[in-house]
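A.B. asks: final-v8.txt (compact mmCIF, C-alpha atoms and all ligand atoms) pasted underneath:
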# COMPACT_ATOMS: atom_id res chain seq x y z
CA MET A 25 51.94 -3.25 58.86
CA SER A 26 49.01 -1.67 60.70
CA TYR A 27 46.05 -0.20 58.86
CA PHE A 28 47.17 3.28 59.76
CA HIS A 29 50.71 2.72 58.71
CA ALA A 30 49.42 1.37 55.40
CA LEU A 31 47.21 4.42 55.04
CA SER A 32 49.93 6.97 55.61
CA LEU A 33 52.35 5.18 53.27
CA SER A 34 49.96 4.90 50.39
CA THR A 35 48.43 8.37 50.46
CA PRO A 36 50.12 10.21 47.60
CA MET A 37 51.32 13.80 47.88
CA LEU A 38 48.85 16.33 46.58
CA SER A 39 49.66 17.61 43.14
CA ARG A 40 51.44 20.99 43.23
CA THR A 41 51.00 21.65 39.53
CA ILE A 42 47.45 22.97 39.61
CA THR A 43 46.97 26.58 38.47
CA ARG A 44 46.13 29.29 40.98
CA SER A 45 42.73 30.15 39.47
CA ALA A 46 41.64 26.52 39.52
CA LYS A 47 42.41 26.09 43.22
CA ARG A 48 39.63 25.90 45.75
CA SER A 49 39.81 28.68 48.32
CA PHE A 50 40.07 27.51 51.92
CA SER A 51 39.59 29.69 54.96
CA THR A 52 42.08 27.62 56.98
CA SER A 53 45.21 25.76 55.93
CA THR A 54 43.35 22.44 56.07
CA ALA A 55 39.81 21.95 54.83
CA ALA A 56 37.65 18.92 54.32
CA ILE A 57 35.48 18.40 51.29
CA ASN A 58 32.97 15.73 50.35
CA ARG A 59 32.82 14.68 46.74
CA CYS A 60 31.50 11.80 44.70
CA ILE A 61 31.32 10.73 41.07
CA VAL A 62 27.73 10.66 39.86
CA TYR A 63 25.57 10.33 36.74
CA ALA A 64 22.06 11.66 36.30
CA GLN A 65 21.19 9.28 33.46
CA ASN A 66 22.70 6.16 31.94
CA GLY A 67 25.04 6.56 29.01
CA ASP A 68 28.65 6.67 27.87
CA PRO A 69 30.80 7.26 31.01
CA THR A 70 32.86 9.84 29.11
CA GLN A 71 29.68 11.89 28.64
CA VAL A 72 27.60 11.32 31.76
CA LEU A 73 30.01 11.12 34.71
CA THR A 74 30.25 14.26 36.82
CA ALA A 75 32.08 15.11 40.02
CA VAL A 76 29.87 16.79 42.58
CA THR A 77 30.75 18.34 45.93
CA TYR A 78 28.33 18.01 48.83
CA PRO A 79 28.21 19.35 52.39
CA LYS A 80 29.35 17.47 55.49
CA LEU A 81 27.09 14.50 56.13
CA PRO A 82 24.92 14.42 59.27
CA SER A 83 25.86 11.96 62.02
CA PRO A 84 24.77 8.44 61.07
CA SER A 85 21.19 7.55 62.02
CA PRO A 86 20.46 4.38 64.04
CA ASN A 87 21.91 1.22 62.44
CA THR A 88 23.96 3.16 59.93
CA VAL A 89 27.65 3.95 59.79
CA ASN A 90 29.59 6.92 58.47
CA LEU A 91 32.38 5.75 56.17
CA LYS A 92 35.41 7.43 54.65
CA PHE A 93 36.36 5.68 51.42
CA LEU A 94 40.07 4.98 51.09
CA LEU A 95 40.30 3.36 47.66
CA SER A 96 37.70 2.10 45.16
CA PRO A 97 38.30 0.15 41.95
CA ILE A 98 36.81 0.72 38.53
CA ASN A 99 35.74 -2.73 37.36
CA PRO A 100 34.44 -3.70 33.87
CA ALA A 101 30.92 -4.13 35.33
CA ASP A 102 30.97 -0.48 36.52
CA VAL A 103 31.07 0.64 32.90
CA ASN A 104 28.07 -1.61 32.08
CA THR A 105 26.22 -0.23 35.12
CA ILE A 106 26.76 3.37 34.00
CA GLU A 107 25.66 2.41 30.48
CA GLY A 108 22.50 0.92 32.01
CA VAL A 109 23.09 -2.60 30.66
CA TYR A 110 24.01 -4.32 33.93
CA PRO A 111 21.36 -6.12 36.01
CA SER A 112 22.41 -4.46 39.32
CA LYS A 113 21.01 -0.94 39.39
CA PRO A 114 22.07 1.68 41.92
CA THR A 115 19.27 3.58 43.64
CA HIS A 116 18.72 7.28 43.02
CA THR A 117 20.31 9.63 45.55
CA SER A 118 18.54 12.93 46.17
CA ASN A 119 19.89 14.01 49.55
CA LEU A 120 23.44 15.05 48.69
CA ASN A 121 22.60 18.71 48.10
CA THR A 122 19.61 20.97 48.64
CA SER A 123 19.80 22.24 45.04
CA GLY A 124 21.53 21.21 41.84
CA LEU A 125 22.95 17.74 41.19
CA GLY A 126 22.10 15.25 43.92
CA SER A 127 19.09 17.23 45.16
CA LYS A 128 15.39 16.28 45.12
CA ASN A 129 14.98 18.01 41.75
CA GLU A 130 18.08 16.45 40.22
CA PRO A 131 18.57 12.96 41.66
CA VAL A 132 21.70 11.07 40.62
CA PHE A 133 23.25 7.64 40.77
CA VAL A 134 26.49 7.57 42.75
CA GLY A 135 29.07 5.41 40.94
CA GLY A 136 31.14 2.57 42.39
CA ASN A 137 30.27 -0.90 43.60
CA GLU A 138 33.43 -2.10 45.33
CA GLY A 139 35.75 -0.34 47.73
CA LEU A 140 37.60 -0.14 51.00
CA ALA A 141 36.37 2.26 53.66
CA GLN A 142 37.26 3.29 57.18
CA VAL A 143 34.57 3.62 59.82
CA ILE A 144 34.42 7.22 61.08
CA GLU A 145 31.30 7.13 63.24
CA VAL A 146 28.75 4.47 64.16
CA GLY A 147 25.05 5.15 64.69
CA GLU A 148 23.00 3.91 67.62
CA GLY A 149 22.36 0.18 67.71
CA VAL A 150 25.31 -0.77 65.48
CA GLU A 151 27.11 -3.84 66.80
CA GLY A 152 30.47 -5.34 65.89
CA LEU A 153 31.86 -2.19 64.28
CA GLN A 154 33.89 0.62 65.75
CA LYS A 155 35.66 3.78 64.70
CA ASP A 156 38.68 3.18 62.43
CA ASP A 157 37.70 -0.37 61.46
CA TRP A 158 38.37 -1.18 57.82
CA VAL A 159 35.27 -2.44 56.01
CA VAL A 160 34.27 -3.74 52.56
CA MET A 161 30.88 -3.66 50.87
CA ASP A 162 28.36 -6.47 51.27
CA ARG A 163 25.70 -4.77 49.17
CA PRO A 164 25.95 -3.94 45.49
CA GLN A 165 26.10 -0.37 44.23
CA LEU A 166 26.60 1.49 47.50
CA GLY A 167 28.32 4.36 45.68
CA THR A 168 31.95 3.77 46.58
CA TRP A 169 33.37 6.52 44.31
CA SER A 170 32.84 8.96 47.15
CA THR A 171 34.84 10.53 49.89
CA SER A 172 32.22 9.58 52.48
CA ARG A 173 28.79 7.96 52.78
CA ASN A 174 26.37 6.96 55.48
CA VAL A 175 25.47 3.31 54.82
CA PRO A 176 23.43 0.65 56.64
CA SER A 177 25.65 -1.40 58.95
CA HIS A 178 24.36 -4.65 57.45
CA GLY A 179 25.60 -3.49 54.05
CA ILE A 180 29.26 -3.76 55.08
CA ILE A 181 31.65 -6.40 56.42
CA ARG A 182 34.52 -5.66 58.78
CA LEU A 183 37.91 -6.80 57.50
CA PRO A 184 39.20 -9.23 60.08
CA ALA A 185 42.92 -9.33 59.32
CA THR A 186 45.45 -6.60 59.95
CA GLY A 187 48.48 -6.33 57.71
CA LEU A 188 46.57 -5.79 54.47
CA THR A 189 47.29 -2.99 52.04
CA GLU A 190 44.60 -0.58 50.86
CA ALA A 191 44.78 -2.21 47.40
CA HIS A 192 44.08 -5.64 48.95
CA GLY A 193 41.03 -4.34 50.81
CA ALA A 194 39.69 -2.31 47.90
CA THR A 195 39.70 -5.30 45.54
CA MET A 196 38.50 -7.96 47.98
CA THR A 197 34.79 -8.46 47.36
CA VAL A 198 34.35 -8.87 43.60
CA ASN A 199 37.20 -10.75 41.95
CA PRO A 200 38.78 -12.91 44.70
CA THR A 201 35.35 -14.10 45.87
CA THR A 202 34.40 -14.95 42.27
CA ALA A 203 37.61 -16.89 41.65
CA TYR A 204 37.33 -18.74 44.96
CA ASN A 205 33.69 -19.67 44.52
CA MET A 206 34.09 -20.84 40.93
CA LEU A 207 36.96 -23.13 41.94
CA ASN A 208 34.93 -24.54 44.84
CA GLY A 209 31.29 -24.47 43.80
CA PHE A 210 30.98 -26.69 40.72
CA VAL A 211 33.40 -29.61 40.72
CA GLU A 212 35.07 -31.44 43.59
CA LEU A 213 38.69 -31.08 42.59
CA GLN A 214 41.59 -33.02 44.10
CA GLU A 215 45.23 -32.00 44.31
CA GLY A 216 46.85 -32.61 40.92
CA ASP A 217 43.64 -32.02 38.94
CA TRP A 218 43.60 -29.62 35.99
CA VAL A 219 41.53 -26.47 35.43
CA ILE A 220 41.37 -24.64 32.11
CA GLN A 221 40.44 -20.96 31.67
CA ASN A 222 40.40 -18.07 29.21
CA GLY A 223 40.88 -14.39 30.01
CA ALA A 224 43.61 -15.76 32.27
CA ASN A 225 45.33 -12.39 32.61
CA SER A 226 42.16 -10.68 33.85
CA ALA A 227 42.12 -9.85 37.55
CA VAL A 228 39.76 -12.80 38.11
CA GLY A 229 41.94 -15.10 35.97
CA GLN A 230 45.06 -14.20 37.94
CA LEU A 231 43.25 -14.97 41.18
CA VAL A 232 42.10 -18.32 39.78
CA ILE A 233 45.76 -19.11 39.06
CA GLN A 234 46.87 -18.21 42.58
CA ILE A 235 44.05 -19.94 44.46
CA ALA A 236 44.42 -23.04 42.27
CA LYS A 237 48.16 -23.09 42.96
CA GLU A 238 47.52 -22.89 46.70
CA ARG A 239 45.20 -25.92 46.38
CA GLY A 240 47.75 -27.90 44.33
CA LEU A 241 45.65 -27.65 41.15
CA ASN A 242 47.22 -27.25 37.71
CA THR A 243 45.97 -24.54 35.35
CA ILE A 244 46.00 -24.20 31.56
CA ASN A 245 45.61 -20.49 30.87
CA PHE A 246 44.54 -18.89 27.60
CA VAL A 247 45.13 -15.19 26.81
CA ARG A 248 44.92 -12.98 23.74
CA SER A 249 48.19 -12.98 21.83
CA ARG A 250 50.28 -9.80 21.79
CA ALA A 251 53.48 -8.63 20.12
CA ASP A 252 55.68 -9.69 23.01
CA MET A 253 54.17 -12.58 24.94
CA ASN A 254 57.15 -13.10 27.26
CA PRO A 255 56.42 -10.55 30.01
CA LEU A 256 52.82 -11.77 30.35
CA VAL A 257 53.75 -15.46 30.31
CA GLN A 258 56.46 -14.86 32.90
CA HIS A 259 54.08 -12.85 35.08
CA LEU A 260 51.38 -15.55 35.02
CA GLU A 261 53.95 -18.28 35.65
CA ARG A 262 55.30 -16.37 38.63
CA LEU A 263 51.75 -16.32 40.02
CA GLY A 264 51.61 -20.11 39.64
CA ALA A 265 50.22 -20.77 36.14
CA THR A 266 51.15 -24.28 34.98
CA LYS A 267 50.77 -23.54 31.27
CA VAL A 268 50.08 -20.30 29.39
CA LEU A 269 48.80 -20.40 25.79
CA THR A 270 47.08 -18.01 23.38
CA TYR A 271 43.68 -18.29 21.70
CA ASP A 272 45.60 -18.84 18.44
CA ASP A 273 47.02 -22.05 19.94
CA LEU A 274 43.45 -23.35 20.16
CA ASN A 275 43.51 -23.71 16.35
CA ASP A 276 46.59 -25.92 16.50
CA LYS A 277 45.61 -29.52 15.82
CA SER A 278 48.48 -30.85 17.95
CA LEU A 279 47.19 -29.06 21.08
CA ARG A 280 44.89 -31.88 22.20
CA GLY A 281 47.80 -34.38 22.18
CA GLN A 282 50.03 -31.88 23.96
CA ILE A 283 47.49 -31.39 26.72
CA LYS A 284 47.02 -35.15 27.09
CA GLU A 285 50.74 -35.41 27.66
CA TRP A 286 50.68 -32.66 30.32
CA THR A 287 47.71 -34.11 32.20
CA GLY A 288 48.86 -37.72 31.87
CA GLY A 289 45.54 -38.45 30.20
CA LYS A 290 43.50 -37.16 33.15
CA ASP A 291 40.18 -35.58 32.14
CA ILE A 292 39.89 -31.81 32.66
CA ARG A 293 36.60 -31.28 34.47
CA LEU A 294 36.41 -27.51 35.05
CA ALA A 295 36.67 -24.66 32.51
CA LEU A 296 36.21 -20.99 33.42
CA ASN A 297 35.02 -18.62 30.72
CA CYS A 298 35.70 -14.87 30.92
CA VAL A 299 35.41 -13.94 27.23
CA GLY A 300 32.79 -15.98 25.26
CA GLY A 301 32.95 -16.33 21.47
CA GLU A 302 35.04 -18.77 19.43
CA PRO A 303 37.89 -19.27 21.93
CA THR A 304 35.36 -20.59 24.44
CA THR A 305 33.85 -23.06 21.97
CA ALA A 306 37.36 -24.33 21.22
CA MET A 307 38.28 -24.46 24.92
CA ALA A 308 35.14 -26.45 25.79
CA LYS A 309 36.22 -29.12 23.28
CA LEU A 310 39.30 -29.77 25.43
CA LEU A 311 37.18 -30.83 28.40
CA GLY A 312 36.79 -34.45 29.46
CA GLN A 313 33.77 -36.51 30.51
CA ASP A 314 31.19 -34.95 32.92
CA ALA A 315 32.94 -31.59 32.90
CA HIS A 316 31.56 -28.18 33.85
CA LEU A 317 31.96 -24.96 31.89
CA VAL A 318 31.42 -21.92 34.12
CA SER A 319 30.90 -18.57 32.38
CA TYR A 320 31.38 -15.40 34.42
CA GLY A 321 32.26 -12.74 31.83
CA ALA A 322 31.65 -11.88 28.19
CA MET A 323 34.59 -9.60 27.45
CA SER A 324 34.62 -10.33 23.69
CA LYS A 325 30.90 -9.36 23.55
CA LYS A 326 30.48 -12.42 21.28
CA PRO A 327 27.84 -15.08 22.02
CA LEU A 328 28.75 -18.43 23.47
CA SER A 329 28.09 -21.38 21.22
CA LEU A 330 28.60 -25.00 22.28
CA PRO A 331 28.43 -28.10 20.08
CA THR A 332 25.43 -30.25 21.03
CA SER A 333 27.70 -33.31 20.87
CA LEU A 334 29.57 -32.11 23.98
CA HIS A 335 26.33 -32.31 25.93
CA ILE A 336 25.19 -35.64 24.45
CA PHE A 337 28.41 -37.63 24.42
CA LYS A 338 30.47 -35.99 27.15
CA ASN A 339 27.67 -34.90 29.46
CA LEU A 340 29.03 -31.34 29.56
CA THR A 341 27.20 -28.98 31.92
CA SER A 342 27.30 -25.26 31.19
CA HIS A 343 26.68 -22.82 34.06
CA GLY A 344 26.77 -19.11 34.66
CA PHE A 345 28.22 -17.64 37.84
CA TRP A 346 27.40 -14.23 39.30
CA GLN A 347 28.99 -13.27 42.61
CA THR A 348 26.14 -10.84 43.33
CA ASN A 349 23.75 -13.77 43.24
CA TRP A 350 26.05 -15.85 45.45
CA SER A 351 26.02 -12.99 47.99
CA LYS A 352 22.23 -12.77 47.88
CA THR A 353 21.84 -16.49 48.47
CA HIS A 354 24.40 -17.01 51.23
CA SER A 355 24.26 -16.14 54.90
CA ARG A 356 26.18 -13.34 56.54
CA THR A 357 28.27 -15.92 58.41
CA GLU A 358 29.24 -17.60 55.13
CA LYS A 359 30.14 -14.24 53.58
CA GLU A 360 32.19 -13.15 56.59
CA GLY A 361 33.90 -16.55 56.54
CA LEU A 362 34.85 -16.14 52.88
CA ILE A 363 36.17 -12.61 53.42
CA ALA A 364 38.18 -13.82 56.43
CA LYS A 365 39.68 -16.66 54.37
CA LEU A 366 40.62 -14.35 51.49
CA ALA A 367 42.05 -11.71 53.85
CA GLU A 368 44.23 -14.38 55.42
CA MET A 369 45.43 -15.53 51.97
CA MET A 370 46.28 -11.92 51.10
CA LYS A 371 48.11 -11.39 54.36
CA GLU A 372 50.17 -14.52 53.74
CA ASP A 373 50.86 -13.31 50.18
CA THR A 374 49.19 -16.45 48.76
CA ILE A 375 47.13 -14.07 46.66
CA LYS A 376 48.41 -10.68 45.63
CA ALA A 377 46.54 -7.45 45.02
CA PRO A 378 46.10 -6.94 41.27
CA GLU A 379 48.65 -4.83 39.43
CA HIS A 380 47.09 -1.39 39.66
CA THR A 381 47.36 2.32 39.06
CA ILE A 382 45.98 4.67 41.71
CA VAL A 383 44.24 7.68 40.18
CA THR A 384 43.82 10.47 42.68
CA ILE A 385 41.21 13.21 42.45
CA GLY A 386 42.86 15.92 44.54
CA ALA A 387 40.82 17.76 47.14
CA GLN A 388 41.96 21.08 45.74
CA GLN A 389 40.69 20.33 42.24
CA SER A 390 37.45 22.01 41.26
CA ASP A 391 34.44 19.84 40.34
CA GLU A 392 34.98 20.87 36.71
CA GLU A 393 38.58 19.67 36.80
CA ALA A 394 37.60 16.47 38.60
CA THR A 395 34.87 15.83 36.01
CA ALA A 396 37.32 16.31 33.15
CA LYS A 397 39.81 13.99 34.85
CA ILE A 398 37.32 11.19 35.41
CA ARG A 399 35.91 11.45 31.85
CA ASP A 400 39.43 11.40 30.36
CA LEU A 401 40.23 8.39 32.52
CA PHE A 402 37.25 6.42 31.18
CA ALA A 403 38.17 7.41 27.61
CA GLU A 404 41.71 6.08 28.14
CA MET A 405 40.37 2.90 29.73
CA ALA A 406 38.08 2.33 26.73
CA GLU A 407 41.15 2.57 24.50
CA GLY A 408 42.82 -0.12 26.65
CA LYS A 409 45.64 2.24 27.68
CA PHE A 410 46.16 0.92 31.19
CA GLY A 411 46.24 -2.88 31.24
CA LYS A 412 46.06 -2.60 35.03
CA LYS A 413 43.25 -2.23 37.51
CA ILE A 414 42.42 1.42 38.17
CA LEU A 415 41.87 2.29 41.82
CA LEU A 416 40.23 5.64 42.53
CA LYS A 417 41.18 7.78 45.48
CA LEU A 418 38.98 10.78 46.15
CA GLU A 419 40.85 13.02 48.55
CA ASP A 420 38.80 14.72 51.22
CA THR A 421 41.38 17.11 52.66
CA ALA A 422 43.94 19.50 51.27
CA THR A 423 46.62 21.42 53.10
N1 LIG B 1 30.18 -13.00 37.18
C1 LIG B 1 30.77 -12.41 38.21
O1 LIG B 1 30.37 -12.52 39.36
C2 LIG B 1 31.98 -11.60 37.93
C3 LIG B 1 32.79 -11.16 38.99
C4 LIG B 1 33.95 -10.45 38.67
C5 LIG B 1 34.24 -10.13 37.34
N2 LIG B 1 33.37 -10.55 36.37
C6 LIG B 1 33.62 -10.27 34.96
O2 LIG B 1 34.84 -10.87 34.63
C7 LIG B 1 35.43 -10.16 33.56
C8 LIG B 1 36.85 -9.79 33.95
O3 LIG B 1 36.81 -8.86 35.03
P1 LIG B 1 38.19 -8.33 35.65
O4 LIG B 1 37.91 -7.31 36.69
O5 LIG B 1 39.01 -9.51 36.00
O6 LIG B 1 38.75 -7.60 34.35
P2 LIG B 1 40.15 -7.01 33.97
O7 LIG B 1 41.18 -7.30 35.00
O8 LIG B 1 39.91 -5.62 33.53
O9 LIG B 1 40.55 -7.90 32.67
C9 LIG B 1 39.84 -7.82 31.49
C10 LIG B 1 40.17 -9.06 30.65
O10 LIG B 1 39.34 -9.07 29.51
C11 LIG B 1 40.15 -9.28 28.36
N3 LIG B 1 39.52 -8.62 27.22
C12 LIG B 1 39.20 -7.31 27.09
N4 LIG B 1 38.59 -7.10 25.91
C13 LIG B 1 38.55 -8.29 25.29
C14 LIG B 1 38.05 -8.73 24.04
N5 LIG B 1 37.47 -7.89 23.17
N6 LIG B 1 38.17 -10.05 23.72
C15 LIG B 1 38.75 -10.91 24.57
N7 LIG B 1 39.24 -10.56 25.76
C16 LIG B 1 39.14 -9.27 26.11
C17 LIG B 1 41.49 -8.68 28.72
O11 LIG B 1 42.45 -9.24 27.90
P3 LIG B 1 43.61 -8.33 27.22
O12 LIG B 1 44.64 -8.10 28.29
O13 LIG B 1 44.10 -9.17 26.11
O14 LIG B 1 42.95 -7.04 26.77
C18 LIG B 1 41.60 -9.15 30.17
O15 LIG B 1 42.02 -10.48 30.21
C19 LIG B 1 34.51 -8.96 33.28
O16 LIG B 1 33.62 -9.31 32.27
C20 LIG B 1 33.78 -8.81 34.61
O17 LIG B 1 32.54 -8.16 34.46
C21 LIG B 1 32.26 -11.26 36.64
Please go through the file and, once you have read it, give me the structure as structure tokens.
Ligand SMILES: NC(=O)c1ccc[n+]([C@@H]2O[C@H](COP(=O)([O-])OP(=O)(O)OC[C@H]3O[C@@H](n4cnc5c(N)ncnc54)[C@H](OP(=O)(O)O)[C@@H]3O)[C@@H](O)[C@H]2O)c1
C.D. replies:
Amino acid sequence: MSYFHALSLSTPMLSRTITRSAKRSFSTSTAAINRCIVYAQNGDPTQVLTAVTYPKLPSPSPNTVNLKFLLSPINPADVNTIEGVYPSKPTHTSNLNTSGLGSKNEPVFVGGNEGLAQVIEVGEGVEGLQKDDWVVMDRPQLGTWSTSRNVPSHGIIRLPATGLTEAHGATMTVNPTTAYNMLNGFVELQEGDWVIQNGANSAVGQLVIQIAKERGLNTINFVRSRADMNPLVQHLERLGATKVLTYDDLNDKSLRGQIKEWTGGKDIRLALNCVGGEPTTAMAKLLGQDAHLVSYGAMSKKPLSLPTSLHIFKNLTSHGFWQTNWSKTHSRTEKEGLIAKLAEMMKEDTIKAPEHTIVTIGAQQSDEEATAKIRDLFAEMAEGKFGKKILLKLEDTAT
């Protein structure tokens, strides 16, 4: 499927249910608007996020590119960034409007770190990019919850493969790269080796399962228990999980023997930690000699505690992994190579786009309505209502 075919298929119909008074008034049947989701100060997303409309952007200056965003995820780290507790900080934007939000007097942060965009216009001196290319972000916090932005050309990477969906492209740079790098960067694993992880149903965890499967690696996957485990177990097994267990199973004294049976006594040398807290301590105890525990998330918000004996007697090494740091410390060629590899895996359906819900902010909605919608969305996410990745689509035209 071509990019454009994918685009036209996945663009939802505009909502017809909006009230007459809330509609924007357009002088022609089709109008374009620019809008982004911003916050003037850090805080609770349900209190600080605001939708703001801004005029048409000027043509891109030399070495910059005008982008139209097609789809942008809301990741857990975005919430931390808005709260002001994440190490990557967006820069203030003060050139969206001449007065009000986004102006010199009221600078804002534009939300969104990851996303898929289409090149609309390239500035002088830009090489290797042309109109209609699909691109992903190579710089953190470029403000992807926008209809359009002018960004430096070295802050983006062209997607090399055709045949990807918008959801593939929008979710390419954060989770698949993290999963791939954690499976490749710490332990030299051979076909038939075992990897253990918690938070296995997270987007990253599901990618770990799929990439491990492709490499012939076995995975033991821990998740939080729920009333009906079957649908989740079946889903993870369909993706290629070898075994799926719950954190409660970690308290079962027979588990160690069970795992020994599965692995044929082979040491497990890589554990991936998404959640921290007690389940991670218990998981680390299942590792063999000279193993590596790689922590990339702290979803339980509980500290990580490891018995000293694991370090002394088993030579356990505990690492942290941050994809942003990987990006900072690797060359453009390496980054393009990784994106090309992942795009190919997506095209071949070796790795799937995460299960997702697309939330559309319609072009005909007022900023007040859009603000209410985005704040309600974050409130629902905080209550755990979705269980799927949320992908934002900010429409820029209405008919
Ligand atoms: N270090 C890096 O470079 C890097 C890169 C990408 C992502 N991450 C981090 O990885 C984590 C997962 O990201 P994602 O996009 O894959 O997330 P996601 O798809 O939204 O999944 C969130 C996961 O966290 C679990 N979870 C939520 N609250 C929890 C709690 N209180 N205790 C235990 N588990 C809990 C969920 O389990 P339930 O289904 O049971 O709720 C689910 O497995 C986040 O912390 C994110 O910031 C880090």
A.B. asks: Just the residues within 6 Å of stretch 343-345 of chain A, please, counting all atoms listed in the file, with nothing from its chain fewer than 2 positions along; format it as a PyMOL selection string.
C.D. replies: chain A and resi 318-320
A.B. asks: Identify the residues around (38.6, -8.2, 64.5) within a radius of 10 Å, measuring from all atoms listed in the file in the coordinates stated by the file, and give them as a ChimeraX atom specification.
C.D. replies: /A:152-153,157-158,182-186,364
A.B. asks: Would you mind telling me which residue in A:Asn129, A:Ser112, A:Thr287, A:Asn104 lies nearest to ligand LIG 1 (chain B) when using all atoms listed in the file?
C.D. replies: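 Ranked by minimum distance to ligand LIG 1 (chain B), first place goes to A:Asn104.
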A.B. asks: Show me which residues are within 6 Å of ligand LIG 1 (chain B) counting all atoms listed in the file, and format the list as a ChimeraX atom specification.
C.D. replies: /A:99-101,198-199,202,223-228,248,298-299,320-324,345-347
A.B. asks: Between A:Lys277, A:Arg59, A:Lys237, A:Lys338, single out the one closest to A:Ala75, counting only C-alpha atoms.
C.D. replies: A:Arg59
A.B. asks: So how many Å separate atom CA of A:Pro69 and atom CA of A:Ile398, to one decimal?
C.D. replies: 8.8 Å
A.B. asks: When distances are computed from only C-alpha atoms, which of A:Pro176, A:Ala306, A:Leu207, A:Ser118 shows the smallest separation from A:Arg239?
C.D. replies: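 Between A:Pro176, A:Ala306, A:Leu207, A:Ser118, the residue approaching A:Arg239 most closely is A:Leu207.
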A.B. asks: Mind giving me the straight-line distance from atom CA of A:Gly193 to atom CA of A:Leu140 in Å, one decimal?
C.D. replies: 5.4 Å
A.B. asks: Counting all atoms listed in the file, figure out which residue out of A:Thr341, A:Asn87, A:Gln258, A:Thr77 gets nearest to A:Asn58.
C.D. replies: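 Answer, going by the shortest atom-to-atom distance: A:Thr77.
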A.B. asks: Counting only C-alpha atoms, what is within 12 Å of A:Glu215, bar same-chain residues fewer than 6 positions away, as a PyMOL selection string?
C.D. replies: chain A and resi 236-243
A.B. asks: Using all atoms listed in the file, which of A:Val103, A:Ile385, A:Val232, A:Leu125 sits nearest A:Leu418?
C.D. replies: A:Ile385
A.B. asks: Would you work out the distance separating atom CA of A:Ile235 from atom CA of A:Trp169, expressed in Å to one decimal?
C.D. replies: 28.5 Å
A.B. asks: Nearest to A:His316: which of A:Ala367, A:Leu269, A:Val211, A:Met253 is it, counting only C-alpha atoms?
C.D. replies: A:Val211
A.B. asks: Near A:Leu317, counting only C-alpha atoms, which residues have an atom at most 12 Å away, once you skip same-chain residues fewer than 4 positions from it, shown as an MDAnalysis selection string?
C.D. replies: chainID A and resid 206:207 209:211 219:222 292:298 300 304:313 328:330 334:335 339:345
A.B. asks: Excluding A:Pro86 and residues on its chain fewer than 5 positions from it, collect all residues at most 7 Å away from it, counting all atoms listed in the file, and give them as a list in words.
C.D. replies: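 Skipping anything fewer than 5 positions along the chain leaves Gly147, Glu148 and Gly149 of chain A.
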A.B. asks: Can you write just those residues out, C-alpha atoms, as a PDB file, in the frame of the given file?
C.D. replies:
ATOM      1  CA  GLY A 147      25.050   5.150  64.690  1.00  0.00           C
ATOM      2  CA  GLU A 148      23.000   3.910  67.620  1.00  0.00           C
ATOM      3  CA  GLY A 149      22.360   0.180  67.710  1.00  0.00           C
TER       4      GLY A 149
END
A.B. asks: A:Lys417: which residues within 10 Å, counting all atoms listed in the file, same-chain residues fewer than 5 positions away excluded, as an mmCIF file with C-alpha atoms, in the coordinates of the input?
C.D. replies:
data_model
loop_
_atom_site.group_PDB
_atom_site.id
_atom_site.type_symbol
_atom_site.label_atom_id
_atom_site.label_comp_id
_atom_site.auth_asym_id
_atom_site.auth_seq_id
_atom_site.Cartn_x
_atom_site.Cartn_y
_atom_site.Cartn_z
ATOM 1 C CA THR A 35 48.430 8.370 50.460
ATOM 2 C CA PRO A 36 50.120 10.210 47.600
ATOM 3 C CA PHE A 93 36.360 5.680 51.420
ATOM 4 C CA LEU A 94 40.070 4.980 51.090
ATOM 5 C CA LEU A 95 40.300 3.360 47.660
ATOM 6 C CA SER A 96 37.700 2.100 45.160
ATOM 7 C CA PRO A 97 38.300 0.150 41.950
ATOM 8 C CA TRP A 169 33.370 6.520 44.310
ATOM 9 C CA SER A 170 32.840 8.960 47.150
ATOM 10 C CA THR A 171 34.840 10.530 49.890
ATOM 11 C CA ILE A 382 45.980 4.670 41.710
ATOM 12 C CA VAL A 383 44.240 7.680 40.180
ATOM 13 C CA THR A 384 43.820 10.470 42.680
ATOM 14 C CA ILE A 385 41.210 13.210 42.450
ATOM 15 C CA GLY A 386 42.860 15.920 44.540
#
A.B. asks: Taking (16.0, 5.8, 43.9) in the file's coordinates as the center, which residues reach within 10 Å of it, counting all atoms listed in the file, put as a count of residues only?
C.D. replies: 9
